[in-house]
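First the structure, in the form of structure tokens, and then the observations on it.
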Amino acid sequence: MSSVLPSEADEPGPTLTRDSVAHLAHLARLELTDAELDLYVDQLSVILHSVAAVSGVVGTKDIEPTSHAVPLTNIFREDVVRPGLSRDAALAGAPSAENGRFRVPQVLGEEQ
Amino acid sequence: MTTAQTLAAGLMDYDEAIQTYDPVLGLEVHVELGTVTKMFCGCPTDFGAEPNTQICPICLALPGAMPAVNRTAVEYAIRIGLALNCEIASWCRFARKNYFYPDMPKNFQTSQYDEPIATNGYLDVKIDGQTVRVDIERAHMEEDTGKSTHVGGATGRIHGAEYSLLDYNRAGVPLVEIVTKPIVGTKALAPQVARAYVTALRDLLSSLGVSDVRMDQGSLRCDANVSLTPAGNPLFGTRTETKNVNSLRSVERAVRYEITRQAALLATGTRIVQETRHFDETTGTTSPGRSKETAEDYRYFPEPDLVPLAPEREWVEAIRASLPELPWIRRARMQADWGLTDLQMRDLLASDAVDLVAATVDAGASPAEATSWWSSYLGQQANVRGVALNELPITPAQLAAVIAKVVDGPLNTKIARQVVDGVLAGEGEPDEVIAARGLAVMSDDGALHAAVDEALAAQPAVADKIRSGKLQAVGAIVGAVMKATRGQADAAKVRQLVLSTLGVEG
């Protein structure tokens, strides 16, 4: 699978293929119809084009991407137990539970 | 089997595989850190708790919950990096690894991606007397996932399962993943090198005190990447990743199996599929899991909820200064100090007695006595009870106290064992056992004289024999005295006393 995003952000006209969208849908475990695929190729392409347009105007090439809005580092918590949730409270919000565990539908593919 | 038969079974003879192909290894070891709480929340990390009893809004990813980094987990990660001769990043971030399995309720695992805490190290591994340097690519911090139980499938695996049950106690437990660079040039030794590496790493992590490294409980897990390249070819072949190989022996077997399996495929012109494989402990074989998602598919991006880490150099240097002696160097030093042969040392290591002997020596016992007690009498007691040596309810200090009493005289070895038995039975400290059981070599001469007189009076015929010079008859009297004193008398002393009482020259 090739990269979804173009390597050069300021290159005009980044393209998103139907295959890319289908792959993204698979990763997100979304089942899309052909019509939906076509729709999202167009919509997502517009978004990418818009971002590329902004990048071109502002000239972001030499600017580091921002991951955090505030310049903080090293915020730590001490290794001390804090009370959590009781099992009943935790499971109360689950759509389904069994034997003290969360019950979820079978997911295709292997666990991590 | 002939070559044709083995190939038909999907495996190539190991020696033939090694002649034809060079194996390339890559080992990923996950170690659960021994912190009290999880990586990003204050939930406890105890193994074996009832399902979903160690969870909170943060590790359940309830809306609005914000993670906070466990300082001790970072310290342990730095400790591991330094012990592996790595560079410690001056600045790094956590990243989200996005995927849609229910083992993480967040739909991502918080990990590190292109900015690991530690990079570029090595671990020297001894194998058959030679040293193999395994280069470490990186060690990064992340969190463990929850535990899934698949219901409805015959095998407990996800295929054929109807639904899954999730226990999130483990979700968020701090992990460090240690990744090697490709290990090349090991040829036929590849499976042994893999095992020796994981063994050395386990010993190192244990000595650092950062994990209990229990492979059986999953606190140390190994994923083995194996690929083959035609002998002499510098390009790497397609690799497979065998997951969750959970014993040292399995590491060796899994690598060996993959070598023979891949060789058979390559020999018939079949391409290796890049995939995750599962190791089956019973059959010693691997079977395909899901096809591997590429790193790109995880769409990593910096975790916005956690600020970057910039470990201060003073902190890193303080951790470096606190690193313990490396376990293999410590062992070599102890073997020399204790005057043990290679074989004796190997036996001590095999029974995990080294630390116990060391602690007993530190508590004042001689290395010879300490080694002897732990490897023979206490080893037997551990076997009888079916527990590990360090699970016996006696401390090195208690044993050292007993040994001191043997050296100083009040106890002989036989009685000392009874004292140890008492300690093991929960009767208290050695002195309490001695007092309660009335144990001690009889030093009260008056009492001993009385016991001898009594024995002679009870067997006058024997006494006459001894008087007439038949010294072999002394044994009967000595035996009677030992019996009367419940073994607490010194037999040699009793013999002298019998002879002197009867006026006979020994």
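Each chain of the structure tokens is named A, B, ... in the order shown, its residues numbered from 1; ligands are numbered from 1 in display order.
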| message | Contacts from chain A to chain B, 7 Å maximum, only C-alpha atoms: show me the residue list as a VMD selection string. | response | chain A and resid 28 67 to 68 72 to 87 100 to 107 109 to 111
Once DSSP has gone over the backbone, tell me which residues of chain A are in strand (DSSP E or B), as a PDB file with N, CA and C atoms, in the first residue's frame.
```pdb
ATOM      1  N   PHE A  76       5.146  14.476  35.038  1.00  0.00           N
ATOM      2  CA  PHE A  76       5.125  13.106  35.533  1.00  0.00           C
ATOM      3  C   PHE A  76       4.083  12.900  36.622  1.00  0.00           C
ATOM      4  N   ARG A  77       3.709  11.650  36.779  1.00  0.00           N
ATOM      5  CA  ARG A  77       2.873  11.207  37.879  1.00  0.00           C
ATOM      6  C   ARG A  77       3.747  10.257  38.705  1.00  0.00           C
ATOM      7  N   ALA A  97     -21.775  -7.734  28.742  1.00  0.00           N
ATOM      8  CA  ALA A  97     -20.701  -8.231  29.616  1.00  0.00           C
ATOM      9  C   ALA A  97     -21.007  -9.666  29.987  1.00  0.00           C
ATOM     10  N   GLU A  98     -19.925 -10.400  30.319  1.00  0.00           N
ATOM     11  CA  GLU A  98     -20.103 -11.808  30.688  1.00  0.00           C
ATOM     12  C   GLU A  98     -18.943 -12.196  31.595  1.00  0.00           C
ATOM     13  N   ARG A 101     -16.323  -9.739  32.371  1.00  0.00           N
ATOM     14  CA  ARG A 101     -15.542  -9.220  31.251  1.00  0.00           C
ATOM     15  C   ARG A 101     -16.457  -8.483  30.274  1.00  0.00           C
ATOM     16  N   PHE A 102     -15.832  -7.577  29.511  1.00  0.00           N
ATOM     17  CA  PHE A 102     -16.562  -6.895  28.452  1.00  0.00           C
ATOM     18  C   PHE A 102     -16.748  -7.896  27.311  1.00  0.00           C
ATOM     19  N   ARG A 103     -17.979  -7.953  26.799  1.00  0.00           N
ATOM     20  CA  ARG A 103     -18.226  -8.867  25.696  1.00  0.00           C
ATOM     21  C   ARG A 103     -18.324  -8.059  24.408  1.00  0.00           C
ATOM     22  N   VAL A 104     -17.522  -8.453  23.428  1.00  0.00           N
ATOM     23  CA  VAL A 104     -17.490  -7.709  22.156  1.00  0.00           C
ATOM     24  C   VAL A 104     -17.685  -8.685  21.000  1.00  0.00           C
ATOM     25  N   PRO A 105     -18.200  -8.168  19.870  1.00  0.00           N
ATOM     26  CA  PRO A 105     -18.368  -9.050  18.713  1.00  0.00           C
ATOM     27  C   PRO A 105     -17.020  -9.565  18.242  1.00  0.00           C
TER      28      PRO A 105
END
```
| task | Compile the contact shell of Ala263 of chain B as a VMD selection string: residues with an atom at most 8 Å away, counting only C-alpha atoms, same-chain residues fewer than 3 positions apart removed. | result | chain B and resid 11 to 12 17 21 228 259 to 260 266 to 267
If you keep C-alpha atoms, can you produce a file of those selected residues as a short mmCIF file (atom, residue, chain, number, x, y, z; two decimals), in the first residue's frame?
```cif
data_model
loop_
_atom_site.label_atom_id
_atom_site.label_comp_id
_atom_site.auth_asym_id
_atom_site.auth_seq_id
_atom_site.Cartn_x
_atom_site.Cartn_y
_atom_site.Cartn_z
CA LEU B 11 10.42 -28.63 5.99
CA MET B 12 14.01 -28.85 4.82
CA ALA B 17 18.94 -25.41 5.05
CA TYR B 21 20.73 -20.22 3.17
CA LEU B 228 16.62 -16.47 4.87
CA ILE B 259 14.50 -21.79 9.12
CA THR B 260 13.53 -25.28 7.97
CA LEU B 266 12.41 -21.16 -1.13
CA ALA B 267 13.86 -24.41 -2.49
#
```
| Atomic separation - atom CA of Thr242 of chain B relative to atom CA of Gly34 of chain B, Å |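 Atom CA of Gly34 of chain B sits 25.4 Å away from atom CA of Thr242 of chain B.
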| Between atom CA of Val452 of chain B and atom CA of Lys483 of chain B, what is the spacing in Å? |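 Interatomic distance, atom CA of Lys483 of chain B to atom CA of Val452 of chain B: 11.2 Å.
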| request: For Ala22 of chain A, please output as a PyMOL selection string all residues within 12 Å (counting only C-alpha atoms; exclusion window: fewer than 3 positions along the same chain). | output: chain A and resi 1+4+16-19+25-41
Grab the residues selected above and save them as a PDB file, in the first residue's frame with N, CA and C atoms.
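For reference, again-v4.pdb as written:
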```pdb
ATOM      1  N   MET A   1       0.852  -1.196   0.000  1.00  0.00           N
ATOM      2  CA  MET A   1       0.000   0.000   0.000  1.00  0.00           C
ATOM      3  C   MET A   1       0.876   1.230   0.000  1.00  0.00           C
ATOM      4  N   VAL A   4      -0.813   7.373   1.603  1.00  0.00           N
ATOM      5  CA  VAL A   4      -2.060   8.059   1.288  1.00  0.00           C
ATOM      6  C   VAL A   4      -1.802   9.526   1.004  1.00  0.00           C
ATOM      7  N   LEU A  16      -5.924  11.271  -4.310  1.00  0.00           N
ATOM      8  CA  LEU A  16      -6.333  10.193  -3.432  1.00  0.00           C
ATOM      9  C   LEU A  16      -7.042   9.190  -4.329  1.00  0.00           C
ATOM     10  N   THR A  17      -6.530   7.988  -4.350  1.00  0.00           N
ATOM     11  CA  THR A  17      -7.149   7.000  -5.242  1.00  0.00           C
ATOM     12  C   THR A  17      -8.287   6.270  -4.523  1.00  0.00           C
ATOM     13  N   ARG A  18      -9.086   5.627  -5.319  1.00  0.00           N
ATOM     14  CA  ARG A  18     -10.188   4.834  -4.791  1.00  0.00           C
ATOM     15  C   ARG A  18      -9.630   3.706  -3.911  1.00  0.00           C
ATOM     16  N   ASP A  19      -8.502   3.137  -4.350  1.00  0.00           N
ATOM     17  CA  ASP A  19      -7.865   2.072  -3.572  1.00  0.00           C
ATOM     18  C   ASP A  19      -7.427   2.580  -2.201  1.00  0.00           C
ATOM     19  N   ALA A  25     -10.682   2.646   4.711  1.00  0.00           N
ATOM     20  CA  ALA A  25     -11.953   2.141   5.239  1.00  0.00           C
ATOM     21  C   ALA A  25     -11.739   0.789   5.906  1.00  0.00           C
ATOM     22  N   HIS A  26     -10.920  -0.033   5.286  1.00  0.00           N
ATOM     23  CA  HIS A  26     -10.618  -1.341   5.866  1.00  0.00           C
ATOM     24  C   HIS A  26      -9.929  -1.193   7.216  1.00  0.00           C
ATOM     25  N   LEU A  27      -8.939  -0.288   7.281  1.00  0.00           N
ATOM     26  CA  LEU A  27      -8.211  -0.084   8.530  1.00  0.00           C
ATOM     27  C   LEU A  27      -9.142   0.406   9.636  1.00  0.00           C
ATOM     28  N   ALA A  28     -10.133   1.198   9.250  1.00  0.00           N
ATOM     29  CA  ALA A  28     -11.077   1.731  10.227  1.00  0.00           C
ATOM     30  C   ALA A  28     -12.241   0.765  10.431  1.00  0.00           C
ATOM     31  N   ARG A  29     -12.156  -0.398   9.811  1.00  0.00           N
ATOM     32  CA  ARG A  29     -13.222  -1.409   9.881  1.00  0.00           C
ATOM     33  C   ARG A  29     -14.576  -0.814   9.488  1.00  0.00           C
ATOM     34  N   LEU A  30     -14.581  -0.017   8.395  1.00  0.00           N
ATOM     35  CA  LEU A  30     -15.818   0.535   7.861  1.00  0.00           C
ATOM     36  C   LEU A  30     -16.157  -0.206   6.579  1.00  0.00           C
ATOM     37  N   GLU A  31     -17.409  -0.575   6.450  1.00  0.00           N
ATOM     38  CA  GLU A  31     -17.845  -1.258   5.244  1.00  0.00           C
ATOM     39  C   GLU A  31     -18.494  -0.213   4.347  1.00  0.00           C
ATOM     40  N   LEU A  32     -17.867   0.099   3.226  1.00  0.00           N
ATOM     41  CA  LEU A  32     -18.396   1.151   2.351  1.00  0.00           C
ATOM     42  C   LEU A  32     -18.915   0.539   1.053  1.00  0.00           C
ATOM     43  N   THR A  33     -20.017   1.096   0.565  1.00  0.00           N
ATOM     44  CA  THR A  33     -20.521   0.675  -0.748  1.00  0.00           C
ATOM     45  C   THR A  33     -19.687   1.361  -1.825  1.00  0.00           C
ATOM     46  N   ASP A  34     -19.814   0.896  -3.053  1.00  0.00           N
ATOM     47  CA  ASP A  34     -19.070   1.524  -4.157  1.00  0.00           C
ATOM     48  C   ASP A  34     -19.420   3.001  -4.272  1.00  0.00           C
ATOM     49  N   ALA A  35     -20.707   3.281  -4.101  1.00  0.00           N
ATOM     50  CA  ALA A  35     -21.149   4.671  -4.229  1.00  0.00           C
ATOM     51  C   ALA A  35     -20.506   5.531  -3.143  1.00  0.00           C
ATOM     52  N   GLU A  36     -20.450   4.976  -1.921  1.00  0.00           N
ATOM     53  CA  GLU A  36     -19.837   5.726  -0.815  1.00  0.00           C
ATOM     54  C   GLU A  36     -18.352   5.946  -1.077  1.00  0.00           C
ATOM     55  N   LEU A  37     -17.698   4.913  -1.600  1.00  0.00           N
ATOM     56  CA  LEU A  37     -16.275   5.047  -1.923  1.00  0.00           C
ATOM     57  C   LEU A  37     -16.050   6.221  -2.863  1.00  0.00           C
ATOM     58  N   ASP A  38     -16.849   6.255  -3.933  1.00  0.00           N
ATOM     59  CA  ASP A  38     -16.696   7.342  -4.904  1.00  0.00           C
ATOM     60  C   ASP A  38     -16.912   8.700  -4.237  1.00  0.00           C
ATOM     61  N   LEU A  39     -17.948   8.738  -3.393  1.00  0.00           N
ATOM     62  CA  LEU A  39     -18.273   9.992  -2.708  1.00  0.00           C
ATOM     63  C   LEU A  39     -17.092  10.464  -1.856  1.00  0.00           C
ATOM     64  N   TYR A  40     -16.500   9.506  -1.071  1.00  0.00           N
ATOM     65  CA  TYR A  40     -15.436   9.895  -0.154  1.00  0.00           C
ATOM     66  C   TYR A  40     -14.127  10.194  -0.882  1.00  0.00           C
ATOM     67  N   VAL A  41     -13.901   9.552  -2.009  1.00  0.00           N
ATOM     68  CA  VAL A  41     -12.701   9.906  -2.793  1.00  0.00           C
ATOM     69  C   VAL A  41     -12.769  11.384  -3.141  1.00  0.00           C
TER      70      VAL A  41
END
```
| Taking into account only C-alpha atoms, which residue in the set B:Lys181, B:Arg385, B:His140, B:Arg195 is nearest to Gly81 of chain B? | B:His140
| request: Excluding segment 255-258 of chain B and any residue of its chain fewer than 2 positions from it, enumerate the residues within 8 Å of it, using only C-alpha atoms, and give them as a PyMOL selection string. | output: chain B and resi 14+190-191+194+224+226+251-253+260-262+284-286
Restricting the output to C-alpha atoms, write the selected residues as a short mmCIF file (atom, residue, chain, number, x, y, z; two decimals), in the first residue's frame.
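Listed below is the output, result.cif:
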```cif
data_model
loop_
_atom_site.label_atom_id
_atom_site.label_comp_id
_atom_site.auth_asym_id
_atom_site.auth_seq_id
_atom_site.Cartn_x
_atom_site.Cartn_y
_atom_site.Cartn_z
CA TYR B 14 18.23 -28.20 9.14
CA ALA B 190 21.09 -18.82 14.84
CA PRO B 191 18.56 -20.65 17.07
CA ALA B 194 18.35 -16.24 19.73
CA ALA B 224 11.19 -13.70 16.58
CA VAL B 226 13.37 -14.80 10.76
CA VAL B 251 12.69 -19.18 21.22
CA GLU B 252 15.28 -21.66 20.00
CA ARG B 253 12.71 -24.08 18.61
CA THR B 260 13.53 -25.28 7.97
CA ARG B 261 10.06 -24.17 6.85
CA GLN B 262 11.22 -21.15 4.86
CA GLY B 284 7.03 -26.94 18.06
CA THR B 285 5.63 -25.59 14.80
CA THR B 286 4.42 -22.19 13.61
#
```
| request: Quick one: pull the distance between atom CA of Ala196 of chain B and atom CA of Thr119 of chain B, Å, one decimal. | output: 21.3 Å
Env of segment 476-480 of chain B: 12 Å cut, atoms = only C-alpha atoms, seq-sep filter 4 positions within chain, self excluded. Answer as a PDB file with N, CA and C atoms, in the first residue's frame.
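Output saved as part-v1.pdb:
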```
ATOM      1  N   LEU B 448      25.816 -35.283  80.807  1.00  0.00           N
ATOM      2  CA  LEU B 448      26.390 -36.321  79.949  1.00  0.00           C
ATOM      3  C   LEU B 448      26.956 -37.464  80.806  1.00  0.00           C
ATOM      4  N   HIS B 449      27.652 -37.072  81.894  1.00  0.00           N
ATOM      5  CA  HIS B 449      28.180 -38.089  82.817  1.00  0.00           C
ATOM      6  C   HIS B 449      27.060 -38.970  83.343  1.00  0.00           C
ATOM      7  N   ALA B 451      24.211 -39.565  81.968  1.00  0.00           N
ATOM      8  CA  ALA B 451      23.681 -40.423  80.903  1.00  0.00           C
ATOM      9  C   ALA B 451      24.594 -41.622  80.679  1.00  0.00           C
ATOM     10  N   VAL B 452      25.915 -41.387  80.741  1.00  0.00           N
ATOM     11  CA  VAL B 452      26.882 -42.477  80.551  1.00  0.00           C
ATOM     12  C   VAL B 452      26.764 -43.476  81.708  1.00  0.00           C
ATOM     13  N   ASP B 453      26.721 -42.946  82.921  1.00  0.00           N
ATOM     14  CA  ASP B 453      26.603 -43.830  84.090  1.00  0.00           C
ATOM     15  C   ASP B 453      25.351 -44.698  83.994  1.00  0.00           C
ATOM     16  N   GLU B 454      24.294 -44.067  83.571  1.00  0.00           N
ATOM     17  CA  GLU B 454      23.020 -44.767  83.472  1.00  0.00           C
ATOM     18  C   GLU B 454      23.100 -45.892  82.441  1.00  0.00           C
ATOM     19  N   ALA B 455      23.746 -45.590  81.296  1.00  0.00           N
ATOM     20  CA  ALA B 455      23.855 -46.593  80.228  1.00  0.00           C
ATOM     21  C   ALA B 455      24.727 -47.759  80.684  1.00  0.00           C
ATOM     22  N   LEU B 456      25.806 -47.448  81.414  1.00  0.00           N
ATOM     23  CA  LEU B 456      26.696 -48.518  81.901  1.00  0.00           C
ATOM     24  C   LEU B 456      25.980 -49.381  82.925  1.00  0.00           C
ATOM     25  N   ALA B 457      25.201 -48.717  83.780  1.00  0.00           N
ATOM     26  CA  ALA B 457      24.479 -49.456  84.822  1.00  0.00           C
ATOM     27  C   ALA B 457      23.434 -50.375  84.209  1.00  0.00           C
ATOM     28  N   ALA B 458      22.837 -49.903  83.069  1.00  0.00           N
ATOM     29  CA  ALA B 458      21.791 -50.692  82.420  1.00  0.00           C
ATOM     30  C   ALA B 458      22.354 -51.905  81.700  1.00  0.00           C
ATOM     31  N   GLN B 459      23.643 -51.825  81.304  1.00  0.00           N
ATOM     32  CA  GLN B 459      24.243 -52.944  80.551  1.00  0.00           C
ATOM     33  C   GLN B 459      25.550 -53.368  81.209  1.00  0.00           C
ATOM     34  N   PRO B 460      25.472 -53.943  82.402  1.00  0.00           N
ATOM     35  CA  PRO B 460      26.712 -54.302  83.130  1.00  0.00           C
ATOM     36  C   PRO B 460      27.588 -55.289  82.370  1.00  0.00           C
ATOM     37  N   ALA B 461      26.990 -56.208  81.620  1.00  0.00           N
ATOM     38  CA  ALA B 461      27.779 -57.196  80.887  1.00  0.00           C
ATOM     39  C   ALA B 461      28.657 -56.505  79.851  1.00  0.00           C
ATOM     40  N   VAL B 462      28.078 -55.516  79.203  1.00  0.00           N
ATOM     41  CA  VAL B 462      28.830 -54.776  78.191  1.00  0.00           C
ATOM     42  C   VAL B 462      29.963 -54.006  78.858  1.00  0.00           C
ATOM     43  N   ALA B 463      29.648 -53.423  80.013  1.00  0.00           N
ATOM     44  CA  ALA B 463      30.667 -52.655  80.731  1.00  0.00           C
ATOM     45  C   ALA B 463      31.853 -53.560  81.079  1.00  0.00           C
ATOM     46  N   ASP B 464      31.551 -54.786  81.512  1.00  0.00           N
ATOM     47  CA  ASP B 464      32.628 -55.734  81.831  1.00  0.00           C
ATOM     48  C   ASP B 464      33.482 -56.041  80.608  1.00  0.00           C
ATOM     49  N   LYS B 465      32.823 -56.238  79.461  1.00  0.00           N
ATOM     50  CA  LYS B 465      33.568 -56.516  78.227  1.00  0.00           C
ATOM     51  C   LYS B 465      34.556 -55.401  77.938  1.00  0.00           C
ATOM     52  N   ILE B 466      34.078 -54.167  78.070  1.00  0.00           N
ATOM     53  CA  ILE B 466      34.944 -53.025  77.764  1.00  0.00           C
ATOM     54  C   ILE B 466      36.120 -53.010  78.742  1.00  0.00           C
ATOM     55  N   LYS B 470      37.703 -55.270  75.382  1.00  0.00           N
ATOM     56  CA  LYS B 470      36.978 -55.441  74.117  1.00  0.00           C
ATOM     57  C   LYS B 470      36.340 -54.101  73.713  1.00  0.00           C
ATOM     58  N   LEU B 471      37.192 -53.268  73.079  1.00  0.00           N
ATOM     59  CA  LEU B 471      36.777 -51.880  72.828  1.00  0.00           C
ATOM     60  C   LEU B 471      35.624 -51.752  71.831  1.00  0.00           C
ATOM     61  N   GLN B 472      35.467 -52.814  70.984  1.00  0.00           N
ATOM     62  CA  GLN B 472      34.375 -52.695  70.001  1.00  0.00           C
ATOM     63  C   GLN B 472      33.014 -52.655  70.687  1.00  0.00           C
ATOM     64  N   ALA B 484      19.494 -41.811  74.412  1.00  0.00           N
ATOM     65  CA  ALA B 484      18.946 -41.166  75.603  1.00  0.00           C
ATOM     66  C   ALA B 484      18.980 -39.639  75.473  1.00  0.00           C
ATOM     67  N   THR B 485      19.976 -39.129  74.730  1.00  0.00           N
ATOM     68  CA  THR B 485      20.097 -37.669  74.595  1.00  0.00           C
ATOM     69  C   THR B 485      19.499 -37.189  73.276  1.00  0.00           C
ATOM     70  N   ARG B 486      18.749 -38.024  72.615  1.00  0.00           N
ATOM     71  CA  ARG B 486      18.098 -37.702  71.337  1.00  0.00           C
ATOM     72  C   ARG B 486      19.077 -37.113  70.318  1.00  0.00           C
ATOM     73  N   GLY B 487      20.271 -37.715  70.289  1.00  0.00           N
ATOM     74  CA  GLY B 487      21.234 -37.340  69.252  1.00  0.00           C
ATOM     75  C   GLY B 487      21.957 -36.038  69.509  1.00  0.00           C
ATOM     76  N   GLN B 488      21.733 -35.467  70.696  1.00  0.00           N
ATOM     77  CA  GLN B 488      22.326 -34.157  70.926  1.00  0.00           C
ATOM     78  C   GLN B 488      23.719 -34.209  71.537  1.00  0.00           C
ATOM     79  N   ALA B 489      24.170 -35.378  71.852  1.00  0.00           N
ATOM     80  CA  ALA B 489      25.520 -35.479  72.405  1.00  0.00           C
ATOM     81  C   ALA B 489      26.529 -35.629  71.270  1.00  0.00           C
ATOM     82  N   ASP B 490      27.752 -35.304  71.549  1.00  0.00           N
ATOM     83  CA  ASP B 490      28.833 -35.461  70.567  1.00  0.00           C
ATOM     84  C   ASP B 490      29.358 -36.894  70.762  1.00  0.00           C
ATOM     85  N   ALA B 491      29.173 -37.728  69.746  1.00  0.00           N
ATOM     86  CA  ALA B 491      29.471 -39.159  69.870  1.00  0.00           C
ATOM     87  C   ALA B 491      30.919 -39.422  70.269  1.00  0.00           C
ATOM     88  N   ALA B 492      31.852 -38.667  69.712  1.00  0.00           N
ATOM     89  CA  ALA B 492      33.277 -38.876  70.013  1.00  0.00           C
ATOM     90  C   ALA B 492      33.549 -38.599  71.487  1.00  0.00           C
ATOM     91  N   LYS B 493      32.865 -37.548  71.967  1.00  0.00           N
ATOM     92  CA  LYS B 493      33.056 -37.170  73.359  1.00  0.00           C
ATOM     93  C   LYS B 493      32.464 -38.241  74.293  1.00  0.00           C
ATOM     94  N   VAL B 494      31.332 -38.792  73.908  1.00  0.00           N
ATOM     95  CA  VAL B 494      30.681 -39.838  74.709  1.00  0.00           C
ATOM     96  C   VAL B 494      31.610 -41.049  74.813  1.00  0.00           C
ATOM     97  N   ARG B 495      32.218 -41.393  73.684  1.00  0.00           N
ATOM     98  CA  ARG B 495      33.120 -42.543  73.667  1.00  0.00           C
ATOM     99  C   ARG B 495      34.271 -42.349  74.663  1.00  0.00           C
ATOM    100  N   GLN B 496      34.882 -41.143  74.603  1.00  0.00           N
ATOM    101  CA  GLN B 496      35.970 -40.839  75.541  1.00  0.00           C
ATOM    102  C   GLN B 496      35.512 -40.949  76.979  1.00  0.00           C
ATOM    103  N   LEU B 497      34.307 -40.436  77.198  1.00  0.00           N
ATOM    104  CA  LEU B 497      33.756 -40.413  78.552  1.00  0.00           C
ATOM    105  C   LEU B 497      33.501 -41.833  79.075  1.00  0.00           C
ATOM    106  N   VAL B 498      33.003 -42.700  78.205  1.00  0.00           N
ATOM    107  CA  VAL B 498      32.748 -44.092  78.588  1.00  0.00           C
ATOM    108  C   VAL B 498      34.067 -44.756  78.994  1.00  0.00           C
ATOM    109  N   LEU B 499      35.072 -44.555  78.126  1.00  0.00           N
ATOM    110  CA  LEU B 499      36.370 -45.186  78.403  1.00  0.00           C
ATOM    111  C   LEU B 499      36.984 -44.657  79.688  1.00  0.00           C
ATOM    112  N   THR B 501      35.483 -43.278  82.220  1.00  0.00           N
ATOM    113  CA  THR B 501      34.677 -43.705  83.363  1.00  0.00           C
ATOM    114  C   THR B 501      35.066 -45.122  83.806  1.00  0.00           C
ATOM    115  N   LEU B 502      35.340 -45.986  82.816  1.00  0.00           N
ATOM    116  CA  LEU B 502      35.682 -47.378  83.116  1.00  0.00           C
ATOM    117  C   LEU B 502      37.180 -47.572  83.344  1.00  0.00           C
TER     118      LEU B 502
END
```
| message | What's around segment 379-383 of chain B at 12 Å? Count only C-alpha atoms, leave out sequence neighbours fewer than 6 positions away in its own chain, and write the answer as a list in words. | response |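 Everything that qualifies: Asp347, Leu348, Ala350, Ser351, Asp352, Ala353, Leu356, Ala370, Thr371, Ser372, Trp373, Leu389, Asn390, Glu391, Leu392, Pro393, Ile394, Arg417, Val420, Asp421, Leu424 and Ala425 of chain B.
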Dump of N, CA and C atoms for the selected residues, as a CSV table (one decimal), in the first residue's frame:
```csv
chain,number,residue,atom,x,y,z
B,347,ASP,N,25.5,-25.6,38.5
B,347,ASP,CA,24.4,-26.2,39.3
B,347,ASP,C,23.7,-25.1,40.2
B,348,LEU,N,24.5,-24.2,40.7
B,348,LEU,CA,23.9,-23.1,41.5
B,348,LEU,C,23.0,-22.3,40.7
B,350,ALA,N,21.5,-23.2,37.9
B,350,ALA,CA,20.4,-23.9,37.4
B,350,ALA,C,19.3,-23.9,38.5
B,351,SER,N,19.7,-23.9,39.7
B,351,SER,CA,18.7,-24.0,40.8
B,351,SER,C,18.4,-22.6,41.3
B,352,ASP,N,18.9,-21.5,40.6
B,352,ASP,CA,18.6,-20.1,41.0
B,352,ASP,C,19.1,-19.9,42.5
B,353,ALA,N,20.2,-20.5,42.8
B,353,ALA,CA,20.7,-20.4,44.2
B,353,ALA,C,21.7,-19.3,44.4
B,356,LEU,N,20.8,-16.4,46.7
B,356,LEU,CA,20.6,-16.9,48.0
B,356,LEU,C,22.0,-17.2,48.7
B,370,ALA,N,27.6,-22.1,52.9
B,370,ALA,CA,26.4,-21.6,52.2
B,370,ALA,C,26.0,-22.4,51.0
B,371,THR,N,27.0,-22.6,50.1
B,371,THR,CA,26.8,-23.4,48.9
B,371,THR,C,26.2,-24.8,49.2
B,372,SER,N,26.9,-25.4,50.2
B,372,SER,CA,26.5,-26.8,50.5
B,372,SER,C,25.0,-26.8,51.0
B,373,TRP,N,24.6,-25.9,51.9
B,373,TRP,CA,23.3,-25.9,52.4
B,373,TRP,C,22.2,-25.7,51.3
B,389,LEU,N,13.7,-22.6,45.3
B,389,LEU,CA,14.5,-22.4,46.5
B,389,LEU,C,14.1,-21.1,47.2
B,390,ASN,N,13.9,-20.0,46.4
B,390,ASN,CA,13.7,-18.8,47.1
B,390,ASN,C,12.3,-18.7,47.7
B,391,GLU,N,11.5,-19.7,47.4
B,391,GLU,CA,10.1,-19.7,48.0
B,391,GLU,C,10.1,-20.5,49.4
B,392,LEU,N,11.2,-21.1,49.7
B,392,LEU,CA,11.3,-21.8,51.0
B,392,LEU,C,11.2,-20.7,52.1
B,393,PRO,N,10.5,-21.0,53.2
B,393,PRO,CA,10.3,-20.0,54.2
B,393,PRO,C,11.5,-19.9,55.2
B,394,ILE,N,12.7,-19.7,54.6
B,394,ILE,CA,13.8,-19.5,55.4
B,394,ILE,C,14.6,-18.4,54.7
B,417,ARG,N,20.2,-29.4,61.0
B,417,ARG,CA,19.1,-29.7,60.0
B,417,ARG,C,17.7,-29.7,60.7
B,420,VAL,N,16.8,-26.1,61.1
B,420,VAL,CA,16.3,-25.6,59.8
B,420,VAL,C,14.9,-26.1,59.5
B,421,ASP,N,14.7,-27.4,59.8
B,421,ASP,CA,13.3,-28.0,59.7
B,421,ASP,C,12.3,-27.1,60.4
B,424,LEU,N,11.6,-23.9,58.7
B,424,LEU,CA,10.8,-24.2,57.6
B,424,LEU,C,9.4,-24.5,58.0
B,425,ALA,N,9.2,-25.0,59.2
B,425,ALA,CA,7.8,-25.4,59.6
B,425,ALA,C,7.2,-24.2,60.3
```
| task | Would you list, as a PyMOL selection string, the residues of segment 203-397 of chain B that end up in helix (DSSP H, G or I) under DSSP run on this structure's backbone? | result | chain B and resi 203-208+215-217+248-267+295-298+313-321+327-338+342-350+354-362+367-385+389-391+396-397
